[in-house]
>>> print(open('work06.tsv').read())   # TSV, N, CA and C atoms
chain	number	residue	atom	x	y	z
B	1	MET	N	-11.06	-8.45	7.54
B	1	MET	CA	-11.91	-8.69	6.41
B	1	MET	C	-11.77	-7.52	5.43
B	2	PRO	N	-11.53	-7.81	4.16
B	2	PRO	CA	-11.38	-6.72	3.19
B	2	PRO	C	-12.69	-5.97	2.98
B	3	VAL	N	-12.57	-4.69	2.65
B	3	VAL	CA	-13.73	-3.84	2.40
B	3	VAL	C	-13.86	-3.65	0.89
B	4	SER	N	-15.04	-3.95	0.35
B	4	SER	CA	-15.29	-3.78	-1.08
B	4	SER	C	-15.69	-2.33	-1.37
B	5	PHE	N	-15.30	-1.84	-2.55
B	5	PHE	CA	-15.69	-0.50	-2.97
B	5	PHE	C	-15.70	-0.44	-4.49
B	6	GLN	N	-16.22	0.65	-5.03
B	6	GLN	CA	-16.29	0.86	-6.47
B	6	GLN	C	-15.89	2.30	-6.76
B	7	ILE	N	-15.03	2.50	-7.75
B	7	ILE	CA	-14.69	3.85	-8.18
B	7	ILE	C	-15.24	4.07	-9.59
B	8	GLN	N	-15.40	5.32	-9.99
B	8	GLN	CA	-15.98	5.64	-11.29
B	8	GLN	C	-14.94	5.89	-12.36
B	9	GLU	N	-13.74	6.33	-11.97
B	9	GLU	CA	-12.67	6.61	-12.92
B	9	GLU	C	-11.37	6.05	-12.39
B	10	ARG	N	-10.48	5.65	-13.31
B	10	ARG	CA	-9.18	5.13	-12.92
B	10	ARG	C	-8.25	6.29	-12.59
B	11	LEU	N	-7.68	6.26	-11.40
B	11	LEU	CA	-6.71	7.28	-10.97
B	11	LEU	C	-5.36	6.98	-11.59
B	12	VAL	N	-4.76	7.97	-12.23
B	12	VAL	CA	-3.44	7.81	-12.84
B	12	VAL	C	-2.35	8.23	-11.87
B	13	GLY	N	-2.58	9.29	-11.14
B	13	GLY	CA	-1.59	9.79	-10.20
B	13	GLY	C	-1.94	11.22	-9.82
B	14	PHE	N	-0.93	11.97	-9.43
B	14	PHE	CA	-1.11	13.35	-9.00
B	14	PHE	C	-0.18	14.25	-9.78
B	15	ALA	N	-0.67	15.43	-10.16
B	15	ALA	CA	0.17	16.39	-10.87
B	15	ALA	C	1.30	16.84	-9.95
B	16	GLY	N	2.52	16.77	-10.47
B	16	GLY	CA	3.69	17.16	-9.69
B	16	GLY	C	4.03	18.64	-9.84
B	17	ASP	N	3.38	19.31	-10.80
B	17	ASP	CA	3.65	20.72	-11.08
B	17	ASP	C	2.34	21.42	-11.44
B	18	ILE	N	2.44	22.72	-11.61
B	18	ILE	CA	1.34	23.50	-12.15
B	18	ILE	C	1.54	23.57	-13.65
B	19	ALA	N	0.46	23.40	-14.41
B	19	ALA	CA	0.57	23.48	-15.86
B	19	ALA	C	-0.72	24.03	-16.45
B	20	LYS	N	-0.56	24.79	-17.53
B	20	LYS	CA	-1.72	25.26	-18.27
B	20	LYS	C	-2.08	24.20	-19.30
B	21	LYS	N	-3.27	24.31	-19.85
B	21	LYS	CA	-3.74	23.38	-20.86
B	21	LYS	C	-2.71	23.31	-21.99
B	22	GLY	N	-2.33	22.08	-22.36
B	22	GLY	CA	-1.38	21.86	-23.44
B	22	GLY	C	0.08	21.85	-23.02
B	23	GLU	N	0.39	22.26	-21.79
B	23	GLU	CA	1.77	22.25	-21.30
B	23	GLU	C	2.11	20.86	-20.74
B	24	HIS	N	3.38	20.56	-20.68
B	24	HIS	CA	3.83	19.32	-20.08
B	24	HIS	C	3.75	19.43	-18.56
B	25	VAL	N	3.42	18.31	-17.93
B	25	VAL	CA	3.37	18.26	-16.48
B	25	VAL	C	3.84	16.88	-16.04
B	26	SER	N	4.57	16.81	-14.95
B	26	SER	CA	4.96	15.51	-14.41
B	26	SER	C	3.80	14.96	-13.59
B	27	VAL	N	3.64	13.64	-13.65
B	27	VAL	CA	2.59	12.97	-12.90
B	27	VAL	C	3.25	11.98	-11.95
B	28	ILE	N	2.96	12.12	-10.67
B	28	ILE	CA	3.48	11.20	-9.66
B	28	ILE	C	2.53	10.01	-9.63
B	29	PHE	N	3.01	8.85	-10.09
B	29	PHE	CA	2.14	7.69	-10.13
B	29	PHE	C	2.54	6.63	-9.12
B	30	ARG	N	3.70	6.80	-8.50
B	30	ARG	CA	4.06	5.95	-7.37
B	30	ARG	C	5.18	6.64	-6.60
B	31	GLU	N	5.19	6.39	-5.31
B	31	GLU	CA	6.23	6.96	-4.46
B	31	GLU	C	6.19	6.25	-3.12
B	32	LEU	N	7.26	6.37	-2.41
B	32	LEU	CA	7.34	5.80	-1.08
B	32	LEU	C	7.56	6.94	-0.10
B	33	LEU	N	6.61	7.13	0.80
B	33	LEU	CA	6.70	8.17	1.80
B	33	LEU	C	6.66	7.55	3.18
B	34	GLY	N	7.51	8.02	4.05
B	34	GLY	CA	7.55	7.54	5.42
B	34	GLY	C	6.93	8.55	6.36
B	35	PRO	N	6.82	8.19	7.62
B	35	PRO	CA	6.15	9.06	8.59
B	35	PRO	C	6.83	10.40	8.80
B	36	THR	N	8.10	10.53	8.46
B	36	THR	CA	8.78	11.82	8.66
B	36	THR	C	8.87	12.66	7.39
B	37	ASP	N	8.37	12.15	6.26
B	37	ASP	CA	8.39	12.91	5.01
B	37	ASP	C	7.40	14.07	5.08
B	38	THR	N	7.86	15.25	4.66
B	38	THR	CA	7.03	16.45	4.75
B	38	THR	C	5.80	16.38	3.84
B	39	GLY	N	5.85	15.62	2.76
B	39	GLY	CA	4.72	15.54	1.84
B	39	GLY	C	3.69	14.50	2.18
B	40	LEU	N	3.88	13.76	3.26
B	40	LEU	CA	2.98	12.66	3.60
B	40	LEU	C	1.56	13.13	3.88
B	41	VAL	N	1.39	14.17	4.67
B	41	VAL	CA	0.05	14.64	5.03
B	41	VAL	C	-0.68	15.14	3.79
B	42	ASP	N	0.01	15.89	2.93
B	42	ASP	CA	-0.63	16.36	1.69
B	42	ASP	C	-1.05	15.20	0.81
B	43	ARG	N	-0.19	14.19	0.68
B	43	ARG	CA	-0.52	13.04	-0.17
B	43	ARG	C	-1.70	12.27	0.39
B	44	LEU	N	-1.75	12.11	1.71
B	44	LEU	CA	-2.89	11.43	2.33
B	44	LEU	C	-4.18	12.21	2.10
B	45	ASP	N	-4.12	13.53	2.17
B	45	ASP	CA	-5.29	14.35	1.89
B	45	ASP	C	-5.75	14.17	0.45
B	46	GLN	N	-4.80	14.15	-0.49
B	46	GLN	CA	-5.13	13.97	-1.90
B	46	GLN	C	-5.75	12.59	-2.12
B	47	LEU	N	-5.15	11.57	-1.52
B	47	LEU	CA	-5.69	10.22	-1.67
B	47	LEU	C	-7.07	10.09	-1.03
B	48	HIS	N	-7.29	10.80	0.08
B	48	HIS	CA	-8.60	10.72	0.71
B	48	HIS	C	-9.67	11.31	-0.19
B	49	SER	N	-9.37	12.43	-0.82
B	49	SER	CA	-10.40	13.07	-1.64
B	49	SER	C	-10.75	12.26	-2.89
B	50	CYS	N	-9.80	11.51	-3.44
B	50	CYS	CA	-10.10	10.79	-4.69
B	50	CYS	C	-10.29	9.29	-4.52
B	51	LEU	N	-9.82	8.69	-3.43
B	51	LEU	CA	-9.89	7.24	-3.30
B	51	LEU	C	-10.42	6.78	-1.94
B	52	PHE	N	-9.78	7.19	-0.87
B	52	PHE	CA	-10.17	6.70	0.46
B	52	PHE	C	-11.63	7.01	0.77
B	53	SER	N	-12.13	8.16	0.32
B	53	SER	CA	-13.52	8.54	0.59
B	53	SER	C	-14.52	7.61	-0.09
B	54	LYS	N	-14.08	6.82	-1.06
B	54	LYS	CA	-14.95	5.86	-1.76
B	54	LYS	C	-15.03	4.52	-1.03
B	55	ILE	N	-14.21	4.34	-0.01
B	55	ILE	CA	-14.15	3.08	0.72
B	55	ILE	C	-15.01	3.19	1.98
B	56	PRO	N	-16.10	2.41	2.06
B	56	PRO	CA	-16.99	2.50	3.22
B	56	PRO	C	-16.26	2.23	4.53
B	57	GLY	N	-16.48	3.12	5.50
B	57	GLY	CA	-15.91	2.93	6.83
B	57	GLY	C	-14.41	3.16	6.92
B	58	PHE	N	-13.82	3.82	5.91
B	58	PHE	CA	-12.37	4.06	5.96
B	58	PHE	C	-12.06	4.91	7.19
B	59	PRO	N	-11.12	4.46	8.03
B	59	PRO	CA	-10.84	5.20	9.26
B	59	PRO	C	-10.05	6.47	8.98
B	60	ASP	N	-9.94	7.30	9.99
B	60	ASP	CA	-9.09	8.49	9.87
B	60	ASP	C	-7.69	8.01	9.47
B	61	PRO	N	-7.06	8.66	8.49
B	61	PRO	CA	-5.73	8.21	8.03
B	61	PRO	C	-4.69	8.07	9.15
B	62	SER	N	-4.85	8.83	10.23
B	62	SER	CA	-3.88	8.71	11.34
B	62	SER	C	-3.99	7.36	12.04
B	63	LEU	N	-5.09	6.62	11.82
B	63	LEU	CA	-5.28	5.32	12.44
B	63	LEU	C	-4.87	4.16	11.54
B	64	VAL	N	-4.38	4.46	10.33
B	64	VAL	CA	-4.01	3.43	9.38
B	64	VAL	C	-2.51	3.15	9.51
B	65	SER	N	-2.19	1.90	9.84
B	65	SER	CA	-0.77	1.53	9.91
B	65	SER	C	-0.37	0.65	8.74
B	66	GLN	N	-1.30	-0.09	8.18
B	66	GLN	CA	-1.05	-0.93	7.01
B	66	GLN	C	-2.23	-0.78	6.07
B	67	LEU	N	-1.92	-0.64	4.79
B	67	LEU	CA	-2.99	-0.46	3.82
B	67	LEU	C	-2.57	-1.07	2.49
B	68	THR	N	-3.41	-1.95	1.98
B	68	THR	CA	-3.23	-2.48	0.64
B	68	THR	C	-4.56	-2.31	-0.07
B	69	ILE	N	-4.51	-1.66	-1.23
B	69	ILE	CA	-5.72	-1.45	-2.02
B	69	ILE	C	-5.51	-2.11	-3.38
B	70	ILE	N	-6.47	-2.94	-3.76
B	70	ILE	CA	-6.42	-3.61	-5.05
B	70	ILE	C	-7.61	-3.10	-5.86
B	71	ILE	N	-7.31	-2.52	-7.04
B	71	ILE	CA	-8.36	-2.04	-7.93
B	71	ILE	C	-8.35	-2.92	-9.17
B	72	ASN	N	-9.47	-3.55	-9.43
B	72	ASN	CA	-9.64	-4.47	-10.55
B	72	ASN	C	-9.90	-3.72	-11.86
B	73	PRO	N	-9.74	-4.39	-13.01
B	73	PRO	CA	-9.99	-3.74	-14.30
B	73	PRO	C	-11.39	-3.12	-14.42
B	74	ASP	N	-12.40	-3.70	-13.73
B	74	ASP	CA	-13.76	-3.15	-13.81
B	74	ASP	C	-13.98	-2.02	-12.79
B	75	LEU	N	-12.91	-1.56	-12.14
B	75	LEU	CA	-12.90	-0.47	-11.16
B	75	LEU	C	-13.55	-0.83	-9.83
B	76	SER	N	-13.86	-2.11	-9.63
B	76	SER	CA	-14.24	-2.56	-8.29
B	76	SER	C	-12.94	-2.74	-7.51
B	77	GLY	N	-13.03	-2.67	-6.20
B	77	GLY	CA	-11.80	-2.80	-5.44
B	77	GLY	C	-11.99	-3.44	-4.08
B	78	LEU	N	-10.87	-3.80	-3.50
B	78	LEU	CA	-10.81	-4.32	-2.14
B	78	LEU	C	-9.75	-3.54	-1.38
B	79	ALA	N	-10.07	-3.18	-0.16
B	79	ALA	CA	-9.12	-2.49	0.71
B	79	ALA	C	-8.86	-3.35	1.94
B	80	TYR	N	-7.61	-3.63	2.19
B	80	TYR	CA	-7.19	-4.33	3.40
B	80	TYR	C	-6.60	-3.27	4.32
B	81	ILE	N	-7.31	-2.95	5.39
B	81	ILE	CA	-6.92	-1.86	6.28
B	81	ILE	C	-6.51	-2.45	7.63
B	82	ASN	N	-5.25	-2.29	7.98
B	82	ASN	CA	-4.71	-2.75	9.27
B	82	ASN	C	-4.95	-4.23	9.53
B	83	GLU	N	-4.86	-5.06	8.50
B	83	GLU	CA	-5.09	-6.48	8.75
B	83	GLU	C	-4.08	-7.40	8.10
B	84	LEU	N	-3.13	-6.88	7.40
B	84	LEU	CA	-2.14	-7.75	6.77
B	84	LEU	C	-0.91	-7.88	7.64
B	85	GLU	N	-0.62	-9.08	7.99
B	85	GLU	CA	0.62	-9.36	8.72
B	85	GLU	C	1.45	-10.25	7.81
B	86	ILE	N	2.54	-9.72	7.34
B	86	ILE	CA	3.35	-10.44	6.37
B	86	ILE	C	4.57	-11.02	7.10
B	87	ARG	N	4.62	-12.33	7.13
B	87	ARG	CA	5.75	-13.01	7.75
B	87	ARG	C	6.18	-14.16	6.87
B	88	ALA	N	7.43	-14.15	6.49
B	88	ALA	CA	7.97	-15.27	5.73
B	88	ALA	C	8.33	-16.38	6.72
B	89	LYS	N	8.19	-17.61	6.28
B	89	LYS	CA	8.61	-18.76	7.10
B	89	LYS	C	9.90	-19.28	6.49
B	90	VAL	N	10.96	-19.25	7.31
B	90	VAL	CA	12.28	-19.67	6.83
B	90	VAL	C	12.88	-20.70	7.76
B	91	ARG	N	13.90	-21.39	7.26
B	91	ARG	CA	14.68	-22.31	8.09
B	91	ARG	C	16.06	-21.67	8.27
B	92	PRO	N	16.35	-21.28	9.51
B	92	PRO	CA	17.67	-20.68	9.74
B	92	PRO	C	18.76	-21.75	9.77
B	93	ASN	N	19.96	-21.35	9.44
B	93	ASN	CA	21.09	-22.28	9.49
B	93	ASN	C	21.87	-22.15	10.80
B	94	ARG	N	21.27	-21.46	11.77
B	94	ARG	CA	21.84	-21.32	13.11
B	94	ARG	C	20.69	-21.14	14.09
B	95	ALA	N	20.94	-21.30	15.35
B	95	ALA	CA	19.92	-21.09	16.37
B	95	ALA	C	19.60	-19.59	16.45
B	96	VAL	N	18.31	-19.26	16.61
B	96	VAL	CA	17.90	-17.86	16.75
B	96	VAL	C	16.95	-17.75	17.93
B	97	THR	N	16.87	-16.55	18.50
B	97	THR	CA	15.93	-16.29	19.59
B	97	THR	C	14.93	-15.23	19.14
B	98	LYS	N	13.77	-15.21	19.78
B	98	LYS	CA	12.72	-14.26	19.43
B	98	LYS	C	13.24	-12.83	19.54
B	99	GLY	N	12.98	-12.03	18.50
B	99	GLY	CA	13.38	-10.63	18.48
B	99	GLY	C	14.78	-10.40	17.93
B	100	GLU	N	15.51	-11.45	17.71
B	100	GLU	CA	16.88	-11.33	17.21
B	100	GLU	C	16.87	-11.01	15.71
B	101	SER	N	17.83	-10.22	15.26
B	101	SER	CA	17.97	-9.91	13.83
B	101	SER	C	18.33	-11.17	13.06
B	102	VAL	N	17.71	-11.31	11.89
B	102	VAL	CA	18.02	-12.43	10.99
B	102	VAL	C	18.49	-11.82	9.68
B	103	PHE	N	19.65	-12.25	9.22
B	103	PHE	CA	20.26	-11.73	8.00
B	103	PHE	C	20.18	-12.79	6.89
B	104	VAL	N	20.40	-12.36	5.66
B	104	VAL	CA	20.37	-13.27	4.52
B	104	VAL	C	21.28	-14.46	4.76
B	105	LYS	N	22.47	-14.21	5.29
B	105	LYS	CA	23.43	-15.29	5.52
B	105	LYS	C	22.92	-16.32	6.55
B	106	ASP	N	21.88	-15.97	7.34
B	106	ASP	CA	21.34	-16.86	8.37
B	106	ASP	C	20.25	-17.79	7.83
B	107	ILE	N	19.82	-17.58	6.58
B	107	ILE	CA	18.69	-18.35	6.04
B	107	ILE	C	19.19	-19.51	5.20
B	108	ALA	N	18.78	-20.72	5.61
B	108	ALA	CA	19.14	-21.92	4.86
B	108	ALA	C	18.11	-22.18	3.76
B	109	ASN	N	16.82	-21.89	4.05
B	109	ASN	CA	15.77	-22.15	3.09
B	109	ASN	C	14.57	-21.26	3.40
B	110	ILE	N	13.86	-20.83	2.35
B	110	ILE	CA	12.61	-20.09	2.52
B	110	ILE	C	11.48	-21.07	2.25
B	111	ASP	N	10.66	-21.31	3.28
B	111	ASP	CA	9.55	-22.26	3.15
B	111	ASP	C	8.33	-21.62	2.51
B	112	SER	N	7.99	-20.38	2.91
B	112	SER	CA	6.82	-19.73	2.33
B	112	SER	C	6.88	-18.23	2.56
B	113	VAL	N	6.25	-17.50	1.65
B	113	VAL	CA	6.03	-16.07	1.76
B	113	VAL	C	4.59	-15.85	1.34
B	114	PRO	N	3.75	-15.26	2.21
B	114	PRO	CA	2.34	-15.12	1.85
B	114	PRO	C	2.15	-14.20	0.65
B	115	SER	N	1.14	-14.48	-0.12
B	115	SER	CA	0.81	-13.67	-1.28
B	115	SER	C	-0.11	-12.54	-0.86
B	116	LEU	N	0.07	-11.35	-1.45
B	116	LEU	CA	-0.80	-10.22	-1.17
B	116	LEU	C	-1.93	-10.11	-2.18
B	117	VAL	N	-1.96	-10.97	-3.16
B	117	VAL	CA	-2.96	-10.89	-4.21
B	117	VAL	C	-4.24	-11.56	-3.74
B	118	ALA	N	-5.33	-10.83	-3.81
B	118	ALA	CA	-6.62	-11.38	-3.39
B	118	ALA	C	-7.15	-12.32	-4.46
B	119	PRO	N	-7.87	-13.35	-4.06
B	119	PRO	CA	-8.45	-14.25	-5.05
B	119	PRO	C	-9.46	-13.52	-5.91
B	120	LEU	N	-9.50	-13.87	-7.19
B	120	LEU	CA	-10.46	-13.22	-8.10
B	120	LEU	C	-11.77	-13.94	-8.11
>>> encode(input="work06.tsv", output="structure tokens")
Amino acid sequence: MPVSFQIQERLVGFAGDIAKKGEHVSVIFRELLGPTDTGLVDRLDQLHSCLFSKIPGFPDPSLVSQLTIIINPDLSGLAYINELEIRAKVRPNRAVTKGESVFVKDIANIDSVPSLVAPL
């Protein structure tokens, strides 16, 4: 079940450098970090202080394996924490067994891919 929350200001990103007033600074507004990236813990700490702490009952970040956060124009939001299982339904053009790798060349047709967009 998604968790509702409200934020007071729209987050743009994180400063990538140190800058004085009026100086240029890079802003990290999206990135992909994996479990072995050295910056992952710092980024999770930054996200906790500005966003995760606004979500009621947000678990310790070490317990989060899947996370999708949707922030609406009115700054209300929904957090899906450890509950999204994304599986496409396809028709293979050959016999397959459970756990076996499926490649693009093995797909005859894509029947469905679930949407991650929450209803408004």
>>> closest_residue(input="work06.tsv", among="B:Val113, B:Pro61, B:Ser26, B:Ile81", to="Val41 in chain B", atoms="only C-alpha atoms")
B:Pro61
>>> select_by_dssp(input="work06.tsv", residues="range 11-52 of chain B", states="alpha helix (DSSP H)", output="PDB file with N, CA and C atoms, keeping the file's coordinate frame")
ATOM      1  N   LEU B  40       3.880  13.760   3.260  1.00  0.00           N
ATOM      2  CA  LEU B  40       2.980  12.660   3.600  1.00  0.00           C
ATOM      3  C   LEU B  40       1.560  13.130   3.880  1.00  0.00           C
ATOM      4  N   VAL B  41       1.390  14.170   4.670  1.00  0.00           N
ATOM      5  CA  VAL B  41       0.050  14.640   5.030  1.00  0.00           C
ATOM      6  C   VAL B  41      -0.680  15.140   3.790  1.00  0.00           C
ATOM      7  N   ASP B  42       0.010  15.890   2.930  1.00  0.00           N
ATOM      8  CA  ASP B  42      -0.630  16.360   1.690  1.00  0.00           C
ATOM      9  C   ASP B  42      -1.050  15.200   0.810  1.00  0.00           C
ATOM     10  N   ARG B  43      -0.190  14.190   0.680  1.00  0.00           N
ATOM     11  CA  ARG B  43      -0.520  13.040  -0.170  1.00  0.00           C
ATOM     12  C   ARG B  43      -1.700  12.270   0.390  1.00  0.00           C
ATOM     13  N   LEU B  44      -1.750  12.110   1.710  1.00  0.00           N
ATOM     14  CA  LEU B  44      -2.890  11.430   2.330  1.00  0.00           C
ATOM     15  C   LEU B  44      -4.180  12.210   2.100  1.00  0.00           C
ATOM     16  N   ASP B  45      -4.120  13.530   2.170  1.00  0.00           N
ATOM     17  CA  ASP B  45      -5.290  14.350   1.890  1.00  0.00           C
ATOM     18  C   ASP B  45      -5.750  14.170   0.450  1.00  0.00           C
ATOM     19  N   GLN B  46      -4.800  14.150  -0.490  1.00  0.00           N
ATOM     20  CA  GLN B  46      -5.130  13.970  -1.900  1.00  0.00           C
ATOM     21  C   GLN B  46      -5.750  12.590  -2.120  1.00  0.00           C
ATOM     22  N   LEU B  47      -5.150  11.570  -1.520  1.00  0.00           N
ATOM     23  CA  LEU B  47      -5.690  10.220  -1.670  1.00  0.00           C
ATOM     24  C   LEU B  47      -7.070  10.090  -1.030  1.00  0.00           C
ATOM     25  N   HIS B  48      -7.290  10.800   0.080  1.00  0.00           N
ATOM     26  CA  HIS B  48      -8.600  10.720   0.710  1.00  0.00           C
ATOM     27  C   HIS B  48      -9.670  11.310  -0.190  1.00  0.00           C
ATOM     28  N   SER B  49      -9.370  12.430  -0.820  1.00  0.00           N
ATOM     29  CA  SER B  49     -10.400  13.070  -1.640  1.00  0.00           C
ATOM     30  C   SER B  49     -10.750  12.260  -2.890  1.00  0.00           C
ATOM     31  N   CYS B  50      -9.800  11.510  -3.440  1.00  0.00           N
ATOM     32  CA  CYS B  50     -10.100  10.790  -4.690  1.00  0.00           C
ATOM     33  C   CYS B  50     -10.290   9.290  -4.520  1.00  0.00           C
TER      34      CYS B  50
END
>>> closest_residue(input="work06.tsv", among="B:Ile69, B:Ser62, B:Tyr80, B:Val102", to="Leu40 in chain B", atoms="only C-alpha atoms")
B:Ser62
>>> closest_residue(input="work06.tsv", among="B:Leu84, B:Leu47, B:Val25, B:Leu75", to="Glu9 in chain B", atoms="only C-alpha atoms")
B:Leu75
>>> atom_distance(input="work06.tsv", atom1="CA of Glu83 in chain B", atom2="CA of Val3 in chain B")
11.0 Å
>>> atom_distance(input="work06.tsv", atom1="CA of Lys20 in chain B", atom2="CA of Thr38 in chain B")
26.2 Å
>>> select_by_dssp(input="work06.tsv", residues="chain B", states="strand (DSSP E)", output="list in words")
Val3, Ser4, Phe5, Gln6, Phe14, Ala15, Val27, Ile28, Leu67, Thr68, Ile69, Ile70, Ile71, Ser76, Gly77, Leu78, Ala79, Tyr80, Ile81, Lys89, Val90, Arg91, Pro92, Ile107, Ala108, Asn109, Ile110, Asp111 and Ser112 of chain B
>>> atom_distance(input="work06.tsv", atom1="atom C of Gln46 in chain B", atom2="atom C of Ile28 in chain B")
11.5 Å
>>> closest_atom_pairs(input="work06.tsv", of="range 19-63 of chain B", to="range 4-7 of chain B", cutoff="8 Å", atoms="only C-alpha atoms", output="CSV")
residue,atom,partner,partner_atom,distance
B:Leu51,CA,B:Ile7,CA,7.6
B:Lys54,CA,B:Phe5,CA,6.5
B:Ile55,CA,B:Phe5,CA,5.4
B:Pro56,CA,B:Phe5,CA,7.0
>>> closest_residue(input="work06.tsv", among="B:Gly16, B:Gly77, B:Gly39, B:Gly34", to="Pro2 in chain B", atoms="all atoms listed in the file")
B:Gly77
>>> residues_around(input="work06.tsv", residues="Ile110 in chain B", least_positions_apart="2", cutoff="6 Å", atoms="only N, CA and C atoms", output="list in words")
Lys89, Val90, Arg91, Ala108 and Ser112 of chain B
>>> closest_residue(input="work06.tsv", among="B:Ile86, B:Ile18, B:Gly13, B:Gln66", to="Arg43 in chain B", atoms="only C-alpha atoms")
B:Gly13
>>> closest_residue(input="work06.tsv", among="B:Arg10, B:His48, B:His24, B:Arg30", to="Asp74 in chain B", atoms="only C-alpha atoms")
B:Arg10
>>> axis_aligned_box(input="work06.tsv", around="range 65-76 of chain B", padding_each_side="5 Å", output="JSON")
{"center_x": -7.3, "center_y": -1.3, "center_z": -2.3, "size_x": 23.9, "size_y": 16.4, "size_z": 34.3}
>>> decode(input="work06.tsv", residues="range 82-95 of chain B", atoms="N, CA, C and O atoms", output="tab-separated table (two decimals), in the first residue's frame")
chain	number	residue	atom	x	y	z
B	82	ASN	N	9.23	-1.09	-1.20
B	82	ASN	CA	9.34	-2.56	-1.22
B	82	ASN	C	8.05	-3.26	-1.63
B	82	ASN	O	7.72	-4.31	-1.10
B	83	GLU	N	7.31	-2.69	-2.57
B	83	GLU	CA	6.07	-3.35	-2.96
B	83	GLU	C	5.86	-3.44	-4.46
B	83	GLU	O	4.85	-3.98	-4.90
B	84	LEU	N	6.74	-2.92	-5.24
B	84	LEU	CA	6.55	-2.99	-6.68
B	84	LEU	C	7.28	-4.19	-7.26
B	84	LEU	O	8.48	-4.34	-7.09
B	85	GLU	N	6.53	-5.03	-7.89
B	85	GLU	CA	7.13	-6.15	-8.61
B	85	GLU	C	6.79	-5.93	-10.08
B	85	GLU	O	5.63	-5.97	-10.46
B	86	ILE	N	7.80	-5.66	-10.86
B	86	ILE	CA	7.58	-5.33	-12.26
B	86	ILE	C	7.92	-6.56	-13.11
B	86	ILE	O	9.06	-7.01	-13.14
B	87	ARG	N	6.91	-7.09	-13.76
B	87	ARG	CA	7.11	-8.23	-14.64
B	87	ARG	C	6.33	-8.01	-15.91
B	87	ARG	O	5.12	-7.81	-15.88
B	88	ALA	N	7.04	-8.06	-17.02
B	88	ALA	CA	6.36	-7.97	-18.31
B	88	ALA	C	5.81	-9.36	-18.64
B	88	ALA	O	6.37	-10.38	-18.26
B	89	LYS	N	4.69	-9.39	-19.33
B	89	LYS	CA	4.12	-10.66	-19.81
B	89	LYS	C	4.39	-10.71	-21.31
B	89	LYS	O	3.96	-9.83	-22.05
B	90	VAL	N	5.14	-11.74	-21.71
B	90	VAL	CA	5.52	-11.88	-23.11
B	90	VAL	C	5.17	-13.27	-23.62
B	90	VAL	O	4.94	-14.19	-22.84
B	91	ARG	N	5.15	-13.39	-24.94
B	91	ARG	CA	4.99	-14.70	-25.59
B	91	ARG	C	6.32	-15.06	-26.22
B	91	ARG	O	6.76	-14.40	-27.16
B	92	PRO	N	6.97	-16.09	-25.68
B	92	PRO	CA	8.25	-16.48	-26.28
B	92	PRO	C	8.04	-17.24	-27.59
B	92	PRO	O	6.99	-17.85	-27.81
B	93	ASN	N	9.03	-17.17	-28.45
B	93	ASN	CA	8.95	-17.90	-29.71
B	93	ASN	C	9.69	-19.25	-29.62
B	93	ASN	O	9.96	-19.87	-30.63
B	94	ARG	N	10.00	-19.66	-28.39
B	94	ARG	CA	10.62	-20.96	-28.13
B	94	ARG	C	10.21	-21.40	-26.74
B	94	ARG	O	9.71	-20.59	-25.95
B	95	ALA	N	10.39	-22.65	-26.42
B	95	ALA	CA	10.09	-23.14	-25.08
B	95	ALA	C	11.11	-22.57	-24.09
B	95	ALA	O	12.30	-22.45	-24.41
